[in-house]
$ cat input_12.cif   # mmCIF, C-alpha atoms
data_work
#
loop_
_atom_site.group_PDB
_atom_site.id
_atom_site.type_symbol
_atom_site.label_atom_id
_atom_site.label_comp_id
_atom_site.auth_asym_id
_atom_site.auth_seq_id
_atom_site.Cartn_x
_atom_site.Cartn_y
_atom_site.Cartn_z
ATOM 1 C CA MET N 1 -8.857 -29.175 -11.288
ATOM 2 C CA ASP N 2 -11.125 -32.072 -10.293
ATOM 3 C CA GLU N 3 -14.876 -32.174 -9.774
ATOM 4 C CA PHE N 4 -14.595 -31.467 -6.071
ATOM 5 C CA GLU N 5 -12.617 -28.318 -6.719
ATOM 6 C CA SER N 6 -15.110 -27.068 -9.292
ATOM 7 C CA GLU N 7 -17.866 -27.725 -6.753
ATOM 8 C CA MET N 8 -15.853 -25.704 -4.240
ATOM 9 C CA ARG N 9 -15.522 -22.854 -6.708
ATOM 10 C CA GLN N 10 -19.260 -22.916 -7.276
ATOM 11 C CA ALA N 11 -20.042 -23.139 -3.560
ATOM 12 C CA PHE N 12 -17.701 -20.286 -2.752
ATOM 13 C CA GLU N 13 -19.106 -17.771 -5.191
ATOM 14 C CA ARG N 14 -19.339 -14.263 -3.804
ATOM 15 C CA ARG N 15 -22.504 -13.535 -1.870
ATOM 16 C CA PRO N 16 -24.378 -10.323 -2.556
ATOM 17 C CA ALA N 17 -23.816 -7.718 0.132
ATOM 18 C CA PRO N 18 -26.806 -7.106 2.426
ATOM 19 C CA PRO N 19 -29.232 -4.553 1.030
ATOM 20 C CA GLY N 20 -28.576 -1.132 2.493
ATOM 21 C CA LEU N 21 -24.954 -1.841 3.358
ATOM 22 C CA LYS N 22 -23.746 0.987 1.154
ATOM 23 C CA ARG N 23 -26.342 3.410 2.521
ATOM 24 C CA ARG N 24 -25.447 2.598 6.123
ATOM 25 C CA LEU N 25 -21.767 2.864 5.277
ATOM 26 C CA MET N 26 -22.166 6.279 3.635
ATOM 27 C CA GLU N 27 -24.143 7.519 6.663
ATOM 28 C CA LYS N 28 -21.444 6.277 9.012
ATOM 29 C CA ARG N 29 -18.826 7.913 6.826
ATOM 30 C CA ARG N 30 -20.615 11.254 6.933
ATOM 31 C CA THR N 31 -21.062 11.241 10.699
ATOM 32 C CA ARG N 32 -17.658 9.770 11.489
ATOM 33 C CA LYS N 33 -15.385 12.228 9.692
ATOM 34 C CA PRO N 34 -15.383 15.128 12.185
ATOM 35 C CA TYR N 35 -15.120 12.737 15.109
ATOM 36 C CA ASP N 36 -12.186 11.048 13.476
ATOM 37 C CA SER N 37 -10.152 14.234 13.274
ATOM 38 C CA PHE N 38 -11.282 15.189 16.798
ATOM 39 C CA PHE N 39 -10.135 11.867 18.176
ATOM 40 C CA THR N 40 -6.903 12.102 16.201
ATOM 41 C CA TRP N 41 -6.123 15.464 17.854
ATOM 42 C CA GLN N 42 -7.171 14.100 21.219
ATOM 43 C CA ARG N 43 -4.927 11.103 20.776
ATOM 44 C CA LEU N 44 -2.046 13.324 19.686
ATOM 45 C CA ALA N 45 -2.494 15.611 22.705
ATOM 46 C CA ALA N 46 -2.695 12.626 25.050
ATOM 47 C CA SER N 47 0.464 11.135 23.498
ATOM 48 C CA LEU N 48 2.322 14.429 23.895
ATOM 49 C CA ALA N 49 1.225 14.755 27.527
ATOM 50 C CA LEU N 50 2.260 11.180 28.245
ATOM 51 C CA THR N 51 5.638 11.719 26.563
ATOM 52 C CA ALA N 52 6.194 14.884 28.618
ATOM 53 C CA ILE N 53 5.304 13.061 31.852
ATOM 54 C CA LEU N 54 7.622 10.166 30.997
ATOM 55 C CA ALA N 55 10.472 12.509 30.011
ATOM 56 C CA GLY N 56 9.965 14.508 33.227
ATOM 57 C CA GLY N 57 9.987 11.304 35.275
ATOM 58 C CA LEU N 58 13.196 10.101 33.633
ATOM 59 C CA GLN N 59 14.865 13.486 34.136
ATOM 60 C CA TRP N 60 13.817 13.539 37.809
ATOM 61 C CA ARG N 61 15.188 10.030 38.291
ATOM 62 C CA ASN N 62 18.532 11.036 36.733
ATOM 63 C CA VAL N 63 18.812 14.104 38.967
ATOM 64 C CA GLU N 64 17.860 12.075 42.026
ATOM 65 C CA GLU N 65 20.421 9.375 41.169
ATOM 66 C CA ARG N 66 23.137 12.015 40.711
ATOM 67 C CA ARG N 67 22.210 13.601 44.068
ATOM 68 C CA LYS N 68 22.407 10.239 45.844
ATOM 69 C CA GLU N 69 25.775 9.508 44.201
ATOM 70 C CA GLU N 70 27.110 12.864 45.363
ATOM 71 C CA GLU N 71 25.803 12.222 48.888
ATOM 72 C CA ALA N 72 27.447 8.791 49.009
ATOM 73 C CA ARG N 73 30.735 10.261 47.741
ATOM 74 C CA GLU N 74 30.611 12.937 50.456
ATOM 75 C CA GLN N 75 30.010 10.277 53.131
ATOM 76 C CA VAL N 76 32.973 8.203 51.909
ATOM 77 C CA MET N 77 35.198 11.314 51.889
ATOM 78 C CA THR N 78 34.126 12.166 55.450
ATOM 79 C CA ALA N 79 34.822 8.609 56.591
ATOM 80 C CA LEU N 80 38.249 8.737 54.942
ATOM 81 C CA ARG N 81 38.974 12.096 56.564
ATOM 82 C CA ILE N 82 38.020 10.740 60.021
ATOM 83 C CA THR N 83 40.132 7.631 59.473
ATOM 84 C CA SER N 84 43.083 9.714 58.325
ATOM 85 C CA HIS N 85 42.741 11.984 61.358
ATOM 86 C CA ALA N 86 42.608 9.011 63.751
ATOM 87 C CA LEU N 87 45.659 7.450 62.110
ATOM 88 C CA ASN N 88 47.592 10.700 62.400
ATOM 89 C CA GLN N 89 46.718 10.906 66.069
ATOM 90 C CA MET N 90 47.766 7.311 66.583
ATOM 91 C CA ASN N 91 51.093 7.939 64.772
ATOM 92 C CA ALA N 92 51.753 11.032 66.893
ATOM 93 C CA ARG N 93 51.123 9.076 70.110
ATOM 94 C CA LEU N 94 53.340 6.203 68.990
ATOM 95 C CA ALA N 95 56.104 8.618 68.047
ATOM 96 C CA ALA N 96 55.812 10.353 71.445
ATOM 97 C CA ARG N 97 55.945 7.003 73.274
ATOM 98 C CA ARG N 98 58.976 5.937 71.235
ATOM 99 C CA ARG N 99 60.740 9.208 72.088
ATOM 100 C CA GLY N 100 59.875 8.708 75.803
ATOM 101 C CA SER N 101 61.304 5.218 75.890
ATOM 102 C CA GLN N 102 64.536 6.351 74.174
ATOM 103 C CA ASP N 103 64.990 9.163 76.747
ATOM 104 C CA MET R 1 0.404 5.750 -15.517
ATOM 105 C CA ALA R 2 -0.645 4.894 -11.960
ATOM 106 C CA HIS R 3 -1.218 8.514 -10.981
ATOM 107 C CA ASP R 4 -3.881 9.002 -13.691
ATOM 108 C CA TRP R 5 -6.191 6.805 -11.614
ATOM 109 C CA GLN R 6 -8.591 8.703 -9.408
ATOM 110 C CA ALA R 7 -10.006 6.834 -6.431
ATOM 111 C CA ASP R 8 -13.782 7.156 -6.240
ATOM 112 C CA PHE R 9 -14.921 5.872 -2.858
ATOM 113 C CA GLU R 10 -18.543 5.212 -3.827
ATOM 114 C CA GLN R 11 -17.529 3.389 -6.959
ATOM 115 C CA LEU R 12 -15.100 1.240 -4.979
ATOM 116 C CA VAL R 13 -17.880 0.378 -2.521
ATOM 117 C CA ASP R 14 -20.182 -0.586 -5.404
ATOM 118 C CA GLN R 15 -17.504 -2.728 -7.015
ATOM 119 C CA HIS R 16 -16.164 -4.505 -3.966
ATOM 120 C CA GLN R 17 -18.863 -4.644 -1.285
ATOM 121 C CA SER R 18 -19.871 -8.151 -2.269
ATOM 122 C CA MET R 19 -16.254 -9.363 -2.182
ATOM 123 C CA VAL R 20 -15.476 -7.799 1.211
ATOM 124 C CA PHE R 21 -18.754 -8.995 2.739
ATOM 125 C CA SER R 22 -18.320 -12.547 1.407
ATOM 126 C CA LEU R 23 -14.746 -12.804 2.697
ATOM 127 C CA ALA R 24 -15.816 -11.643 6.148
ATOM 128 C CA LEU R 25 -18.890 -13.876 6.145
ATOM 129 C CA ARG R 26 -16.966 -17.008 5.199
ATOM 130 C CA MET R 27 -14.223 -16.270 7.690
ATOM 131 C CA THR R 28 -16.555 -15.542 10.619
ATOM 132 C CA GLY R 29 -19.823 -17.271 9.699
ATOM 133 C CA ASP R 30 -21.785 -14.372 11.192
ATOM 134 C CA ARG R 31 -23.750 -12.104 8.848
ATOM 135 C CA GLY R 32 -24.051 -9.271 11.354
ATOM 136 C CA LEU R 33 -20.380 -9.330 12.184
ATOM 137 C CA ALA R 34 -19.486 -9.658 8.495
ATOM 138 C CA GLU R 35 -21.458 -6.487 7.706
ATOM 139 C CA GLU R 36 -19.759 -4.688 10.595
ATOM 140 C CA ILE R 37 -16.354 -5.801 9.315
ATOM 141 C CA ALA R 38 -17.239 -4.734 5.754
ATOM 142 C CA GLN R 39 -18.209 -1.261 6.994
ATOM 143 C CA ASP R 40 -14.989 -0.960 9.021
ATOM 144 C CA VAL R 41 -12.903 -2.062 6.058
ATOM 145 C CA PHE R 42 -14.456 0.550 3.757
ATOM 146 C CA LEU R 43 -14.150 3.299 6.378
ATOM 147 C CA GLU R 44 -10.489 2.367 6.716
ATOM 148 C CA LEU R 45 -10.196 2.534 2.928
ATOM 149 C CA ASP R 46 -11.726 6.006 3.037
ATOM 150 C CA ARG R 47 -9.038 7.131 5.471
ATOM 151 C CA ASN R 48 -6.286 5.627 3.295
ATOM 152 C CA LEU R 49 -7.692 6.562 -0.103
ATOM 153 C CA GLY R 50 -4.727 8.823 -0.840
ATOM 154 C CA ARG R 51 -2.346 5.887 -0.669
ATOM 155 C CA ILE R 52 -4.253 3.712 -3.114
ATOM 156 C CA GLU R 53 -2.413 3.712 -6.433
ATOM 157 C CA ASN R 54 -4.802 1.993 -8.824
ATOM 158 C CA ALA R 55 -7.836 -0.271 -9.108
ATOM 159 C CA ASP R 56 -5.808 -3.469 -8.604
ATOM 160 C CA HIS R 57 -4.138 -2.014 -5.548
ATOM 161 C CA ALA R 58 -7.560 -1.098 -4.128
ATOM 162 C CA CYS R 59 -8.772 -4.671 -4.608
ATOM 163 C CA PHE R 60 -5.608 -6.137 -3.069
ATOM 164 C CA TRP R 61 -5.806 -3.690 -0.154
ATOM 165 C CA LEU R 62 -9.473 -4.495 0.500
ATOM 166 C CA ARG R 63 -8.853 -8.256 0.477
ATOM 167 C CA ARG R 64 -5.932 -7.954 2.842
ATOM 168 C CA VAL R 65 -7.710 -5.650 5.319
ATOM 169 C CA ALA R 66 -10.921 -7.725 5.165
ATOM 170 C CA MET R 67 -8.974 -10.897 6.043
ATOM 171 C CA ASN R 68 -7.063 -9.162 8.840
ATOM 172 C CA ARG R 69 -10.190 -7.616 10.319
ATOM 173 C CA SER R 70 -12.040 -10.931 10.175
ATOM 174 C CA THR R 71 -9.204 -12.714 11.955
ATOM 175 C CA ASP R 72 -9.109 -9.980 14.609
ATOM 176 C CA ALA R 73 -12.874 -10.173 15.089
ATOM 177 C CA MET R 74 -12.736 -13.943 15.534
ATOM 178 C CA ARG R 75 -9.918 -13.616 18.024
ATOM 179 C CA ARG R 76 -11.921 -11.093 20.032
ATOM 180 C CA ARG R 77 -14.979 -13.318 19.998
ATOM 181 C CA ARG R 78 -12.922 -16.361 20.949
ATOM 182 C CA VAL R 79 -11.632 -14.494 23.972
ATOM 183 C CA ARG R 80 -15.257 -13.914 24.956
ATOM 184 C CA GLY R 81 -15.959 -17.616 24.409
ATOM 185 C CA MET R 82 -18.456 -17.362 21.567
ATOM 186 C CA ASP R 83 -18.800 -19.811 18.726
ATOM 187 C CA LEU R 84 -19.385 -17.792 15.581
ATOM 188 C CA TRP R 85 -20.329 -20.558 13.243
ATOM 189 C CA VAL R 86 -23.170 -21.606 15.492
ATOM 190 C CA GLU R 87 -24.654 -18.151 15.012
ATOM 191 C CA MET R 88 -24.925 -18.355 11.271
ATOM 192 C CA GLU R 89 -28.135 -20.314 11.399
ATOM 193 C CA ASP R 90 -29.292 -19.667 14.936
ATOM 194 C CA VAL R 91 -29.128 -15.902 14.994
ATOM 195 C CA HIS R 92 -29.271 -14.726 11.455
ATOM 196 C CA GLY R 93 -31.530 -17.365 10.047
ATOM 197 C CA VAL R 94 -29.413 -18.238 7.044
ATOM 198 C CA THR R 95 -30.990 -21.276 5.504
ATOM 199 C CA THR R 96 -29.570 -23.876 3.216
ATOM 200 C CA GLU R 97 -31.464 -22.318 0.317
ATOM 201 C CA ASP R 98 -29.606 -19.038 0.854
ATOM 202 C CA ARG R 99 -26.358 -20.843 0.381
ATOM 203 C CA GLY R 100 -27.026 -22.411 -3.028
ATOM 204 C CA THR R 101 -26.825 -26.179 -3.525
ATOM 205 C CA PRO R 102 -26.998 -28.560 -0.526
ATOM 206 C CA LEU R 103 -23.420 -29.584 -1.220
ATOM 207 C CA GLY R 104 -22.380 -25.944 -1.364
ATOM 208 C CA ALA R 105 -24.093 -25.273 1.943
ATOM 209 C CA ARG R 106 -22.468 -28.299 3.508
ATOM 210 C CA LEU R 107 -19.064 -27.317 2.184
ATOM 211 C CA GLU R 108 -19.453 -23.897 3.780
ATOM 212 C CA GLN R 109 -20.348 -25.533 7.083
ATOM 213 C CA LEU R 110 -17.411 -27.908 6.830
ATOM 214 C CA LEU R 111 -15.139 -24.994 6.021
ATOM 215 C CA ALA R 112 -15.816 -23.714 9.533
ATOM 216 C CA THR R 113 -14.249 -26.837 11.011
ATOM 217 C CA LEU R 114 -10.871 -26.069 9.438
ATOM 218 C CA SER R 115 -8.207 -23.986 11.110
ATOM 219 C CA GLU R 116 -8.265 -20.249 10.422
ATOM 220 C CA PRO R 117 -5.177 -20.178 8.170
ATOM 221 C CA GLN R 118 -6.477 -23.111 6.123
ATOM 222 C CA ARG R 119 -9.900 -21.465 5.843
ATOM 223 C CA ALA R 120 -8.351 -18.154 4.786
ATOM 224 C CA ALA R 121 -6.239 -19.814 2.111
ATOM 225 C CA LEU R 122 -9.160 -21.839 0.730
ATOM 226 C CA ILE R 123 -11.521 -18.856 0.667
ATOM 227 C CA LEU R 124 -9.021 -16.758 -1.248
ATOM 228 C CA ARG R 125 -8.337 -19.674 -3.597
ATOM 229 C CA TYR R 126 -11.905 -20.660 -4.398
ATOM 230 C CA GLN R 127 -13.894 -17.470 -3.811
ATOM 231 C CA GLU R 128 -11.365 -15.012 -5.196
ATOM 232 C CA ASP R 129 -9.657 -17.383 -7.620
ATOM 233 C CA LEU R 130 -6.199 -16.269 -6.452
ATOM 234 C CA THR R 131 -2.993 -18.157 -7.127
ATOM 235 C CA PRO R 132 -0.961 -19.410 -4.138
ATOM 236 C CA GLU R 133 1.524 -16.555 -4.772
ATOM 237 C CA GLU R 134 -1.271 -13.960 -4.656
ATOM 238 C CA ILE R 135 -2.676 -15.563 -1.488
ATOM 239 C CA ALA R 136 0.761 -15.410 0.131
ATOM 240 C CA ASP R 137 0.955 -11.696 -0.761
ATOM 241 C CA THR R 138 -2.531 -11.016 0.571
ATOM 242 C CA LEU R 139 -2.017 -12.871 3.840
ATOM 243 C CA ASP R 140 1.591 -11.737 4.156
ATOM 244 C CA ALA R 141 2.616 -15.349 4.663
ATOM 245 C CA PRO R 142 5.397 -17.502 3.166
ATOM 246 C CA LEU R 143 4.423 -19.216 -0.085
ATOM 247 C CA SER R 144 5.350 -22.667 1.231
ATOM 248 C CA THR R 145 3.039 -22.154 4.232
ATOM 249 C CA VAL R 146 0.163 -21.084 1.993
ATOM 250 C CA LYS R 147 0.679 -24.085 -0.302
ATOM 251 C CA SER R 148 0.681 -26.373 2.715
ATOM 252 C CA HIS R 149 -2.522 -24.787 4.083
ATOM 253 C CA LEU R 150 -4.189 -25.177 0.694
ATOM 254 C CA GLN R 151 -3.188 -28.813 0.307
ATOM 255 C CA ARG R 152 -4.036 -29.853 3.846
ATOM 256 C CA GLY R 153 -7.218 -27.792 3.940
ATOM 257 C CA LEU R 154 -8.477 -29.241 0.687
ATOM 258 C CA LYS R 155 -7.574 -32.768 1.736
ATOM 259 C CA LEU R 156 -9.359 -32.338 5.073
ATOM 260 C CA LEU R 157 -12.408 -30.791 3.444
ATOM 261 C CA ARG R 158 -12.565 -33.579 0.897
ATOM 262 C CA ALA R 159 -12.313 -36.204 3.637
ATOM 263 C CA LYS R 160 -14.963 -34.487 5.739
ATOM 264 C CA ALA R 161 -17.214 -34.085 2.716
ATOM 265 C CA GLN R 162 -16.856 -37.767 1.948
ATOM 266 C CA SER R 163 -17.843 -38.828 5.443
ATOM 267 C CA HIS R 164 -20.608 -36.248 5.871
ATOM 268 C CA LEU R 165 -22.290 -36.194 2.525
ATOM 269 C CA LYS R 166 -23.692 -39.664 2.342
ATOM 270 C CA GLU R 167 -25.139 -39.275 -1.111
ATOM 271 C CA TYR R 168 -21.747 -38.423 -2.514
ATOM 272 C CA VAL R 169 -20.074 -41.228 -0.630
ATOM 273 C CA ARG R 170 -22.704 -43.608 -1.904
ATOM 274 C CA ASP R 171 -22.051 -42.560 -5.454
ATOM 275 C CA ASN R 172 -18.322 -42.593 -4.690
ATOM 276 C CA LYS R 173 -18.258 -39.359 -6.615
ATOM 277 C CA TYR R 174 -15.073 -37.966 -5.160
ATOM 278 C CA ALA R 175 -13.280 -41.177 -4.317
ATOM 279 C CA GLY R 176 -9.589 -41.095 -5.149
ATOM 280 C CA GLY R 177 -9.622 -37.384 -5.986
ATOM 281 C CA ALA R 178 -6.940 -36.302 -3.453
#
$ encode --input "input_12.cif" --output "structure tokens"
Amino acid sequence: MDEFESEMRQAFERRPAPPGLKRRLMEKRRTRKPYDSFFTWQRLAASLALTAILAGGLQWRNVEERRKEEEAREQVMTALRITSHALNQMNARLAARRRGSQD
Amino acid sequence: MAHDWQADFEQLVDQHQSMVFSLALRMTGDRGLAEEIAQDVFLELDRNLGRIENADHACFWLRRVAMNRSTDAMRRRRVRGMDLWVEMEDVHGVTTEDRGTPLGARLEQLLATLSEPQRAALILRYQEDLTPEEIADTLDAPLSTVKSHLQRGLKLLRAKAQSHLKEYVRDNKYAGGA
């Protein structure tokens, strides 16, 4: 350790805490305790409420997505049914025309 | 055995208030803020007293929380655009006499010009007399990073001291010390 470092050590000695720091701290400690537990409960309740809202929102979104999927599936099925019906009709007409031309 | 140790909050405040206050003061340069930080640190200790295993753990815990709180406070102030080290003299009226020798006072001022990590490492090294390994533990930083901060910080401080403190430059007191 050189001279500069020993000067640093001397310069950086601990400073005494301000007078009354302990007294102010103990007062704060006394008055803060009940509030602390109050705020802890408040925070806990708020967290629970937020979690419930988020879970509800997610659940609602899932249900809504499932409903939309079901609706889309129904629409596709209806479209397929209509198409199938039209094709059947077309086949029947073609068959009738073919029979007519053979006769 | 570690469990034989009984944490006494008041006794811990008596023992460590000077350490916590000095760490916060040297990190922030603001006496008012340093006192606020010291109070917060001890109130946090009060809430976590059950987890403190022994006297050494209490000291380690206090150092770590004091450094973290000081860094957070400086970050908050920086966001608001305030220069803390200007306040030391302007607001709280700390004079050179309060800070020991003129060189000591100047060194403290020059310390403020270093980066936060360098300042933190130097404070823990020279105020708390910690080894680089202990500093790394306290700051939760890699040892190589701490060693680099110490070396660069000390080199910078030495260079700044040489250029600022004319009497020491004149005497060439610290020439060739790096």
$ residues_near_point --input "input_12.cif" --point "(-3.3, -15.5, 2.9)" --cutoff "9 Å" --atoms "only C-alpha atoms" --output "MDAnalysis selection string"
chainID R and resid 64 67 117:118 120:122 124 132 134:142 146
$ closest_residue --input "input_12.cif" --among "N:Met8, N:Ala72, N:Leu50, N:Met90" --to "chain R" --atoms "only C-alpha atoms"
N:Met8
$ resolve_selection --input "input_12.cif" --expression "the PyMOL selection byres ((chain R and resi 71) around 12)" --output "PyMOL selection string"
chain R and resi 23-29+33-34+37+64-70+72-78+84+115-117+119-120+139
$ atom_distance --input "input_12.cif" --atom1 "atom CA of R:Ala7" --atom2 "atom CA of N:Arg15"
24.3 Å
$ atom_distance --input "input_12.cif" --atom1 "atom CA of R:His16" --atom2 "atom CA of R:Glu133"
21.4 Å
